[in-house]
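Novice: Structure provided below as structure tokens; questions to follow.
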Amino acid sequence: MLLCVFALWISLQVNGAIIDPVYDELEGLPLIEALIADQKLDLAQLELARFNRPTSAYWRALGNFNMAREKWDLALAHYSQMNPGPERELLMARSHFRLKKYDACRDNYQNSNNLWQSFVGDALQKAGCEQHSSDPRSAWDTLYQAKKIWGSPQVRQEMTALALNFGLSRAGLALVLEGATTATVGEFLNLAELFHHKKMAKEALMILELGRLRFPLDLDLNLTLAKLYFDQNMNLATADAFERATLVNLKYAFQTSELHRQQERKERTKYFSQMISTETEKLKSELAQDIQARRYPKIAAMEPLLLRSTLASDAETNYAMAYALAIQGEQKRSLKFLTRINNSNIYDKSIRLKKMILDQFEKETLPHLIQ
């Protein structure tokens with residue numbers, strides 16, 4: 001498009017001067033508007049300086065130029081110089097919206113002779129102005145009309161948010177279901193977030209599950225599901241969501257294996273632990289499974305391997321080794337691992353175990369600490 005613009009620019013010049021009659025014939029200043037649309041603002045500024053005629057089209061182009069520069073006040077001042085009419089009201093409404101002057105924005109849109117219905121962006125801004133002006137009923141009417149015209153996902157999302165603000169959760173869900181067959185992953189995630197923000201976790205999960213029916217292996221969708229299920233203490237569902245995430249990216253194999261292990265799903269724990277790609281996580285998973293199965297001799301025998309790995313500084317690993325060694329009667333070796341634990345959520349447990357070792361408690365008292 002830039003080549004076309006430059007070709008047009010060259011064709012409009014004679015000995016370096018712009019042929020003004022062309023602009024007289026095309027009052028819309030098409031070249032300048034094209035330069036602004038392509039963000040070629042330096043060239044647009046040159047053309048505006050050469051034209052510099054106080055026509056309504058000139059003030060519109062100058063306003064558009066300043067909107068592109070995010071100079072909202074200047075744009076508003078220039079739009080206000082246009083001939084009165086719906087177009088001026090529409091453009092001034094856009095400036096007022098950017099300036100957060102919502103009452104003026106709403107009034108401009110109301111005086112635009114429904115020109116806002118030509119652009120979905122204006123419909124959304126009009127509804128936004130009405131909400132900020134404490135007129136949610138008008139905002140709903142605006143979005144309802146916009147939905148009939150475009151059926152835009154963004155419009156449905158705004159209507160859903162407004163419905164939830166009204167406390168109309170069923171209406172919000174109905175809007176979600178209405179667009180479910182064409183919604184993208186991003187739309188499902190955004191809609192679920194609207195409900196989650198209103199502390200409606202059940203509805204948010206329903207929306208995400210609806211999305212997963214269409215996009216069963218989408219990573220973001222499954223990770224978001226896993227987080228929400230985890231927050232609801234639904235551990236099996238969390239593990240299942242992580243399973244799908246692992247099928248897309250093996251970096252989640254460790255978390256998946258751990259979740260299954262905590263639910264004592266041995267076969268699935270073993271299956272996903274075999275997918276773990278890093279040696280450190282593989283070793284940690286194996287250690288966790290051995291602890292759960294109370295294979296203490298095997299854990300004690302892993303000491304040299306653990307000390308050579310990055311797990312040597314991991315608090316939970318050190319506690320597991322200390323416990324296993326204590327069970328095996330290796331108190332001195334156990335104490336060596338306990339001294340590595342600092343500022344951890346298992347620090348209190350390590351202190352208790354250390355005290356029991358130092359007090360030379362009977363071996364059979366130790367198993368109670370693993371609970």
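Here's how to read the names in the structure tokens: chain A, B, ... by the order shown, residue numbers from 1 in each chain, ligand numbers from 1 in the order shown.
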Give me, as a compact mmCIF listing (two decimals) with all heavy atoms, in the first residue's frame, all polymer residues having an atom no more than 12 Å from segment 61-67 of chain A, counting only C-alpha atoms and skipping those fewer than 6 positions away in the same chain.

Specialist:
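What follows is the written file part.txt:
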```txt
# COMPACT_ATOMS: atom_id res chain seq x y z
N GLU A 27 -12.50 16.50 -2.04
CA GLU A 27 -12.49 17.24 -0.78
C GLU A 27 -12.12 16.37 0.41
O GLU A 27 -11.68 16.84 1.44
CB GLU A 27 -13.86 17.88 -0.54
CG GLU A 27 -13.86 18.80 0.67
CD GLU A 27 -15.19 19.50 0.85
OE1 GLU A 27 -15.96 19.59 -0.13
OE2 GLU A 27 -15.45 19.95 1.97
N GLY A 28 -12.26 15.05 0.27
CA GLY A 28 -11.96 14.16 1.37
C GLY A 28 -10.48 14.03 1.67
O GLY A 28 -10.11 13.31 2.59
N LEU A 29 -9.61 14.72 0.92
CA LEU A 29 -8.17 14.65 1.13
C LEU A 29 -7.71 13.18 1.21
O LEU A 29 -7.16 12.74 2.23
CB LEU A 29 -7.76 15.38 2.42
CG LEU A 29 -8.22 16.83 2.54
CD1 LEU A 29 -7.82 17.38 3.89
CD2 LEU A 29 -7.64 17.68 1.44
N PRO A 30 -7.94 12.40 0.17
CA PRO A 30 -7.66 10.96 0.24
C PRO A 30 -6.20 10.63 0.50
O PRO A 30 -5.90 9.64 1.19
CB PRO A 30 -8.11 10.45 -1.13
CG PRO A 30 -8.07 11.64 -2.03
CD PRO A 30 -8.43 12.80 -1.17
N LEU A 31 -5.29 11.41 -0.06
CA LEU A 31 -3.87 11.12 0.15
C LEU A 31 -3.50 11.26 1.62
O LEU A 31 -2.86 10.38 2.21
CB LEU A 31 -3.01 12.05 -0.71
CG LEU A 31 -1.49 11.99 -0.44
CD1 LEU A 31 -0.97 10.58 -0.71
CD2 LEU A 31 -0.75 13.00 -1.29
N ILE A 32 -3.91 12.36 2.23
CA ILE A 32 -3.58 12.59 3.64
C ILE A 32 -4.22 11.52 4.52
O ILE A 32 -3.58 10.98 5.43
CB ILE A 32 -4.04 14.00 4.07
CG1 ILE A 32 -3.23 15.07 3.31
CG2 ILE A 32 -3.88 14.18 5.58
CD1 ILE A 32 -3.69 16.48 3.55
N GLU A 33 -5.48 11.19 4.26
CA GLU A 33 -6.15 10.17 5.05
C GLU A 33 -5.45 8.82 4.90
O GLU A 33 -5.33 8.05 5.87
CB GLU A 33 -7.62 10.05 4.63
CG GLU A 33 -8.46 11.31 4.88
CD GLU A 33 -8.76 11.54 6.35
OE1 GLU A 33 -8.21 10.82 7.21
OE2 GLU A 33 -9.55 12.46 6.66
N ALA A 34 -4.97 8.52 3.68
CA ALA A 34 -4.26 7.26 3.46
C ALA A 34 -2.94 7.23 4.23
O ALA A 34 -2.56 6.21 4.81
CB ALA A 34 -4.01 7.05 1.97
N LEU A 35 -2.23 8.35 4.24
CA LEU A 35 -0.97 8.43 4.97
C LEU A 35 -1.20 8.25 6.47
O LEU A 35 -0.43 7.57 7.17
CB LEU A 35 -0.28 9.77 4.70
CG LEU A 35 0.29 9.96 3.29
CD1 LEU A 35 0.69 11.41 3.07
CD2 LEU A 35 1.49 9.05 3.07
N ILE A 36 -2.27 8.86 6.98
CA ILE A 36 -2.59 8.72 8.40
C ILE A 36 -2.95 7.27 8.71
O ILE A 36 -2.49 6.71 9.72
CB ILE A 36 -3.75 9.66 8.79
CG1 ILE A 36 -3.30 11.13 8.67
CG2 ILE A 36 -4.22 9.37 10.22
CD1 ILE A 36 -4.44 12.13 8.80
N ALA A 37 -3.75 6.66 7.86
CA ALA A 37 -4.15 5.27 8.08
C ALA A 37 -2.95 4.34 8.10
O ALA A 37 -2.93 3.34 8.84
CB ALA A 37 -5.14 4.83 7.01
N ASP A 38 -1.92 4.65 7.30
CA ASP A 38 -0.71 3.83 7.26
C ASP A 38 0.34 4.28 8.28
O ASP A 38 1.47 3.78 8.27
CB ASP A 38 -0.08 3.89 5.86
CG ASP A 38 -0.58 2.77 4.97
OD1 ASP A 38 -1.49 2.06 5.40
OD2 ASP A 38 -0.05 2.61 3.85
N GLN A 39 -0.05 5.21 9.16
CA GLN A 39 0.84 5.71 10.21
C GLN A 39 2.09 6.39 9.64
O GLN A 39 3.14 6.43 10.29
CB GLN A 39 1.24 4.58 11.16
CG GLN A 39 0.11 4.09 12.06
CD GLN A 39 -0.31 5.14 13.09
OE1 GLN A 39 0.51 5.66 13.84
NE2 GLN A 39 -1.59 5.47 13.10
N LYS A 40 1.98 6.95 8.43
CA LYS A 40 3.07 7.74 7.85
C LYS A 40 2.82 9.20 8.22
O LYS A 40 2.50 10.04 7.38
CB LYS A 40 3.14 7.55 6.33
CG LYS A 40 3.19 6.09 5.90
CD LYS A 40 4.38 5.37 6.50
CE LYS A 40 4.39 3.90 6.13
NZ LYS A 40 5.47 3.16 6.83
N LEU A 41 2.99 9.45 9.53
CA LEU A 41 2.53 10.73 10.07
C LEU A 41 3.42 11.90 9.65
O LEU A 41 2.94 13.03 9.53
CB LEU A 41 2.44 10.65 11.59
CG LEU A 41 1.48 9.58 12.12
CD1 LEU A 41 1.41 9.63 13.64
CD2 LEU A 41 0.09 9.74 11.52
N ASP A 42 4.71 11.64 9.44
CA ASP A 42 5.59 12.73 8.99
C ASP A 42 5.17 13.23 7.61
O ASP A 42 5.10 14.45 7.36
CB ASP A 42 7.04 12.26 8.95
CG ASP A 42 7.61 12.02 10.34
OD1 ASP A 42 7.03 12.56 11.30
OD2 ASP A 42 8.62 11.31 10.46
N LEU A 43 4.88 12.29 6.70
CA LEU A 43 4.42 12.68 5.36
C LEU A 43 3.05 13.35 5.44
O LEU A 43 2.79 14.33 4.73
CB LEU A 43 4.36 11.46 4.45
CG LEU A 43 5.71 10.85 4.03
CD1 LEU A 43 5.49 9.57 3.24
CD2 LEU A 43 6.49 11.85 3.19
N ALA A 44 2.19 12.80 6.30
CA ALA A 44 0.86 13.39 6.44
C ALA A 44 0.96 14.83 6.93
O ALA A 44 0.22 15.71 6.47
CB ALA A 44 0.02 12.56 7.41
N GLN A 45 1.88 15.08 7.85
CA GLN A 45 2.04 16.43 8.39
C GLN A 45 2.50 17.40 7.30
O GLN A 45 2.05 18.55 7.23
CB GLN A 45 3.05 16.41 9.54
CG GLN A 45 3.13 17.71 10.30
CD GLN A 45 3.96 17.57 11.56
OE1 GLN A 45 4.82 16.70 11.66
NE2 GLN A 45 3.70 18.42 12.53
N LEU A 46 3.40 16.94 6.41
CA LEU A 46 3.86 17.78 5.30
C LEU A 46 2.69 18.14 4.39
O LEU A 46 2.55 19.30 3.97
CB LEU A 46 4.94 17.06 4.51
CG LEU A 46 6.31 16.93 5.18
CD1 LEU A 46 7.23 16.05 4.32
CD2 LEU A 46 6.94 18.32 5.36
N GLU A 47 1.87 17.14 4.07
CA GLU A 47 0.75 17.40 3.17
C GLU A 47 -0.28 18.34 3.82
O GLU A 47 -0.85 19.20 3.15
CB GLU A 47 0.08 16.08 2.78
CG GLU A 47 0.98 15.13 2.01
CD GLU A 47 1.59 15.81 0.79
OE1 GLU A 47 0.82 16.35 -0.03
OE2 GLU A 47 2.83 15.82 0.67
N LEU A 48 -0.51 18.16 5.11
CA LEU A 48 -1.44 19.04 5.81
C LEU A 48 -0.94 20.48 5.81
O LEU A 48 -1.72 21.42 5.65
CB LEU A 48 -1.64 18.55 7.26
CG LEU A 48 -2.58 17.35 7.44
CD1 LEU A 48 -2.42 16.75 8.83
CD2 LEU A 48 -4.04 17.77 7.21
N ALA A 49 0.38 20.65 5.99
CA ALA A 49 0.95 22.00 6.00
C ALA A 49 0.83 22.66 4.64
O ALA A 49 0.61 23.87 4.53
CB ALA A 49 2.42 21.93 6.43
N PHE A 51 -1.52 21.97 2.36
CA PHE A 51 -2.93 22.21 2.04
C PHE A 51 -3.45 23.40 2.84
O PHE A 51 -3.79 24.43 2.29
CB PHE A 51 -3.73 20.95 2.35
CG PHE A 51 -5.16 21.04 1.92
CD1 PHE A 51 -5.50 20.90 0.58
CD2 PHE A 51 -6.17 21.27 2.83
CE1 PHE A 51 -6.82 20.99 0.18
CE2 PHE A 51 -7.49 21.37 2.44
CZ PHE A 51 -7.81 21.21 1.11
N ASN A 52 -3.53 23.24 4.15
CA ASN A 52 -3.83 24.34 5.07
C ASN A 52 -4.97 25.24 4.60
O ASN A 52 -4.83 26.44 4.48
CB ASN A 52 -2.57 25.17 5.32
CG ASN A 52 -2.74 26.07 6.54
OD1 ASN A 52 -3.59 25.81 7.38
ND2 ASN A 52 -1.95 27.11 6.61
N ARG A 53 -6.10 24.61 4.32
CA ARG A 53 -7.30 25.38 3.97
C ARG A 53 -8.39 25.07 4.99
O ARG A 53 -8.63 23.92 5.30
CB ARG A 53 -7.79 25.01 2.58
CG ARG A 53 -6.82 25.42 1.48
CD ARG A 53 -7.39 25.06 0.13
NE ARG A 53 -6.47 25.42 -0.93
CZ ARG A 53 -6.71 25.21 -2.21
NH1 ARG A 53 -7.85 24.63 -2.58
NH2 ARG A 53 -5.84 25.57 -3.12
N PRO A 54 -9.06 26.07 5.48
CA PRO A 54 -10.06 25.87 6.55
C PRO A 54 -11.37 25.28 6.05
O PRO A 54 -12.43 25.89 6.20
CB PRO A 54 -10.24 27.28 7.11
CG PRO A 54 -9.98 28.18 5.94
CD PRO A 54 -8.91 27.49 5.13
N THR A 55 -11.30 24.11 5.42
CA THR A 55 -12.52 23.43 5.01
C THR A 55 -12.87 22.37 6.05
O THR A 55 -12.02 21.97 6.85
CB THR A 55 -12.35 22.74 3.65
OG1 THR A 55 -11.37 21.70 3.78
CG2 THR A 55 -11.89 23.74 2.59
N ASP A 73 -6.83 16.17 22.97
CA ASP A 73 -7.35 17.54 23.10
C ASP A 73 -7.29 18.29 21.77
O ASP A 73 -8.23 18.99 21.39
CB ASP A 73 -6.55 18.30 24.16
CG ASP A 73 -6.97 17.95 25.57
OD1 ASP A 73 -8.19 17.91 25.83
OD2 ASP A 73 -6.10 17.68 26.41
N LEU A 74 -6.15 18.17 21.08
CA LEU A 74 -6.00 18.84 19.79
C LEU A 74 -7.00 18.28 18.78
O LEU A 74 -7.61 19.04 18.01
CB LEU A 74 -4.57 18.65 19.26
CG LEU A 74 -3.49 19.53 19.87
CD1 LEU A 74 -2.11 19.13 19.35
CD2 LEU A 74 -3.76 21.00 19.57
N ALA A 75 -7.15 16.95 18.78
CA ALA A 75 -8.11 16.34 17.85
C ALA A 75 -9.51 16.89 18.09
O ALA A 75 -10.23 17.23 17.14
CB ALA A 75 -8.09 14.83 18.01
N LEU A 76 -9.89 16.99 19.37
CA LEU A 76 -11.23 17.50 19.70
C LEU A 76 -11.40 18.93 19.21
O LEU A 76 -12.44 19.29 18.63
CB LEU A 76 -11.44 17.42 21.20
CG LEU A 76 -12.78 17.94 21.72
CD1 LEU A 76 -13.93 17.11 21.15
CD2 LEU A 76 -12.81 17.93 23.25
N ALA A 77 -10.36 19.75 19.42
CA ALA A 77 -10.44 21.15 18.97
C ALA A 77 -10.59 21.24 17.46
O ALA A 77 -11.35 22.09 16.96
CB ALA A 77 -9.17 21.89 19.42
N HIS A 78 -9.92 20.35 16.73
CA HIS A 78 -10.01 20.40 15.27
C HIS A 78 -11.34 19.86 14.77
O HIS A 78 -11.94 20.43 13.85
CB HIS A 78 -8.85 19.60 14.66
CG HIS A 78 -7.52 20.23 14.92
ND1 HIS A 78 -6.41 19.50 15.29
CD2 HIS A 78 -7.11 21.53 14.90
CE1 HIS A 78 -5.38 20.31 15.46
NE2 HIS A 78 -5.78 21.54 15.24
N TYR A 79 -11.83 18.79 15.39
CA TYR A 79 -13.12 18.26 14.97
C TYR A 79 -14.24 19.28 15.20
O TYR A 79 -15.21 19.35 14.44
CB TYR A 79 -13.46 16.98 15.76
CG TYR A 79 -12.64 15.76 15.37
CD1 TYR A 79 -12.25 14.83 16.34
CD2 TYR A 79 -12.27 15.53 14.05
CE1 TYR A 79 -11.51 13.70 16.00
CE2 TYR A 79 -11.52 14.41 13.71
CZ TYR A 79 -11.14 13.49 14.68
OH TYR A 79 -10.42 12.39 14.35
N SER A 80 -14.10 20.04 16.27
CA SER A 80 -15.15 21.02 16.59
C SER A 80 -15.25 22.13 15.54
O SER A 80 -16.25 22.85 15.50
CB SER A 80 -14.89 21.64 17.97
OG SER A 80 -13.70 22.42 17.96
N GLN A 81 -14.21 22.26 14.68
CA GLN A 81 -14.23 23.27 13.61
C GLN A 81 -14.96 22.78 12.36
O GLN A 81 -15.16 23.56 11.42
CB GLN A 81 -12.80 23.66 13.24
CG GLN A 81 -11.99 24.28 14.37
CD GLN A 81 -12.58 25.59 14.84
OE1 GLN A 81 -12.94 26.45 14.04
NE2 GLN A 81 -12.68 25.75 16.16
N MET A 82 -15.32 21.50 12.34
CA MET A 82 -16.02 20.95 11.18
C MET A 82 -17.43 21.52 11.07
O MET A 82 -17.96 22.09 12.04
CB MET A 82 -16.08 19.42 11.27
CG MET A 82 -14.76 18.72 11.15
SD MET A 82 -14.90 16.93 11.50
CE MET A 82 -16.09 16.43 10.24
N ARG A 88 -19.39 15.12 12.56
CA ARG A 88 -18.66 15.87 13.57
C ARG A 88 -18.98 15.33 14.97
O ARG A 88 -18.07 15.17 15.80
CB ARG A 88 -19.01 17.36 13.50
CG ARG A 88 -18.17 18.19 14.49
CD ARG A 88 -18.49 19.66 14.45
NE ARG A 88 -19.75 19.94 15.17
CZ ARG A 88 -20.11 21.17 15.57
NH1 ARG A 88 -19.34 22.20 15.32
NH2 ARG A 88 -21.26 21.35 16.18
N LEU A 91 -17.07 12.02 15.53
CA LEU A 91 -15.63 12.19 15.75
C LEU A 91 -15.34 12.85 17.09
O LEU A 91 -14.38 12.48 17.78
CB LEU A 91 -15.04 13.00 14.60
CG LEU A 91 -15.10 12.32 13.23
CD1 LEU A 91 -14.64 13.27 12.13
CD2 LEU A 91 -14.26 11.05 13.21
N MET A 92 -16.16 13.80 17.48
CA MET A 92 -15.98 14.43 18.78
C MET A 92 -16.24 13.42 19.91
O MET A 92 -15.59 13.46 20.95
CB MET A 92 -16.91 15.64 18.92
CG MET A 92 -16.49 16.83 18.05
SD MET A 92 -17.62 18.24 18.19
CE MET A 92 -17.36 18.73 19.90
N ARG A 94 -15.54 10.28 19.83
CA ARG A 94 -14.33 9.47 19.96
C ARG A 94 -13.27 10.19 20.78
O ARG A 94 -12.58 9.58 21.61
CB ARG A 94 -13.78 9.12 18.57
CG ARG A 94 -14.69 8.20 17.77
CD ARG A 94 -14.17 8.02 16.35
NE ARG A 94 -15.04 7.16 15.56
CZ ARG A 94 -14.87 6.91 14.26
NH1 ARG A 94 -13.85 7.48 13.61
NH2 ARG A 94 -15.71 6.11 13.61
N SER A 95 -13.11 11.49 20.53
CA SER A 95 -12.13 12.27 21.29
C SER A 95 -12.54 12.35 22.76
O SER A 95 -11.70 12.18 23.65
CB SER A 95 -12.01 13.67 20.71
OG SER A 95 -11.58 13.63 19.37
N HIS A 96 -13.80 12.62 23.01
CA HIS A 96 -14.27 12.71 24.39
C HIS A 96 -14.08 11.39 25.13
O HIS A 96 -13.78 11.37 26.33
CB HIS A 96 -15.75 13.13 24.42
CG HIS A 96 -15.94 14.61 24.28
ND1 HIS A 96 -16.86 15.18 23.42
CD2 HIS A 96 -15.32 15.66 24.90
CE1 HIS A 96 -16.82 16.49 23.52
NE2 HIS A 96 -15.88 16.81 24.41
N PHE A 97 -14.27 10.28 24.44
CA PHE A 97 -14.08 8.98 25.07
C PHE A 97 -12.63 8.82 25.50
O PHE A 97 -12.34 8.35 26.62
CB PHE A 97 -14.47 7.86 24.10
CG PHE A 97 -14.38 6.49 24.71
CD1 PHE A 97 -15.42 5.98 25.48
CD2 PHE A 97 -13.25 5.69 24.53
CE1 PHE A 97 -15.34 4.72 26.06
CE2 PHE A 97 -13.16 4.43 25.08
CZ PHE A 97 -14.21 3.94 25.86
N ARG A 98 -11.70 9.18 24.62
CA ARG A 98 -10.27 9.09 24.96
C ARG A 98 -9.90 10.00 26.12
O ARG A 98 -9.03 9.69 26.92
CB ARG A 98 -9.42 9.44 23.74
CG ARG A 98 -9.53 8.46 22.60
CD ARG A 98 -8.89 7.16 22.94
NE ARG A 98 -8.79 6.27 21.78
CZ ARG A 98 -8.17 5.11 21.78
NH1 ARG A 98 -7.58 4.69 22.88
NH2 ARG A 98 -8.13 4.37 20.70
N LEU A 99 -10.59 11.13 26.20
CA LEU A 99 -10.33 12.09 27.28
C LEU A 99 -11.09 11.73 28.56
O LEU A 99 -10.98 12.45 29.55
CB LEU A 99 -10.73 13.49 26.82
CG LEU A 99 -9.84 14.10 25.74
CD1 LEU A 99 -10.52 15.33 25.13
CD2 LEU A 99 -8.48 14.48 26.31
```

Novice: Which residues come within 12 Å of Glu279 of chain A, counting only C-alpha atoms, excluding same-chain residues fewer than 3 positions away, as a VMD selection string?

Specialist: chain A and resid 254 273 to 276 282 to 286 305 to 306 308 to 311

Novice: Enumerate the residues of segment 102-334 of chain A with a DSSP assignment of helix (DSSP H, G or I), computed from the backbone, and present them as number ranges by chain.

Specialist: A: 102-110, 115-118, 120-132, 136-150, 153-165, 169-178, 185-197, 201-214, 219-231, 235-248, 250-262, 266-273, 279-292, 296-301, 303-308, 310-313, 315-327, 331-334

Novice: Pick out the closest residue to Asn235 of chain A from this set: A:Gln110, A:Ser134, A:Thr269, A:Gln263. Count only C-alpha atoms.

Specialist: A:Gln263

Novice: Please report the interatomic distance between atom CA of Leu115 of chain A and atom CA of Leu90 of chain A in Å with one decimal.

Specialist: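 Taking atom CA of Leu115 of chain A and atom CA of Leu90 of chain A, their separation equals 7.0 Å.
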
Novice: Rounded to one decimal, what separation in Å do you get between atom CA of Ala104 of chain A and atom CA of Ser133 of chain A?

Specialist: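 We find that atom CA of Ala104 of chain A and atom CA of Ser133 of chain A lie 9.5 Å from each other.
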
Novice: With distances taken over only C-alpha atoms, which of A:Leu164, A:Glu87, A:Ile149, A:Tyr323 is nearest to Arg295 of chain A?

Specialist: A:Tyr323

Novice: Let me make sure I understand: among A:Leu335, A:Leu208, A:Ala324, A:Ala241, which one has the smallest atom-to-atom distance to Lys298 of chain A if we use only C-alpha atoms?

Specialist: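 Closest to Lys298 of chain A, using only C-alpha atoms: A:Ala324.
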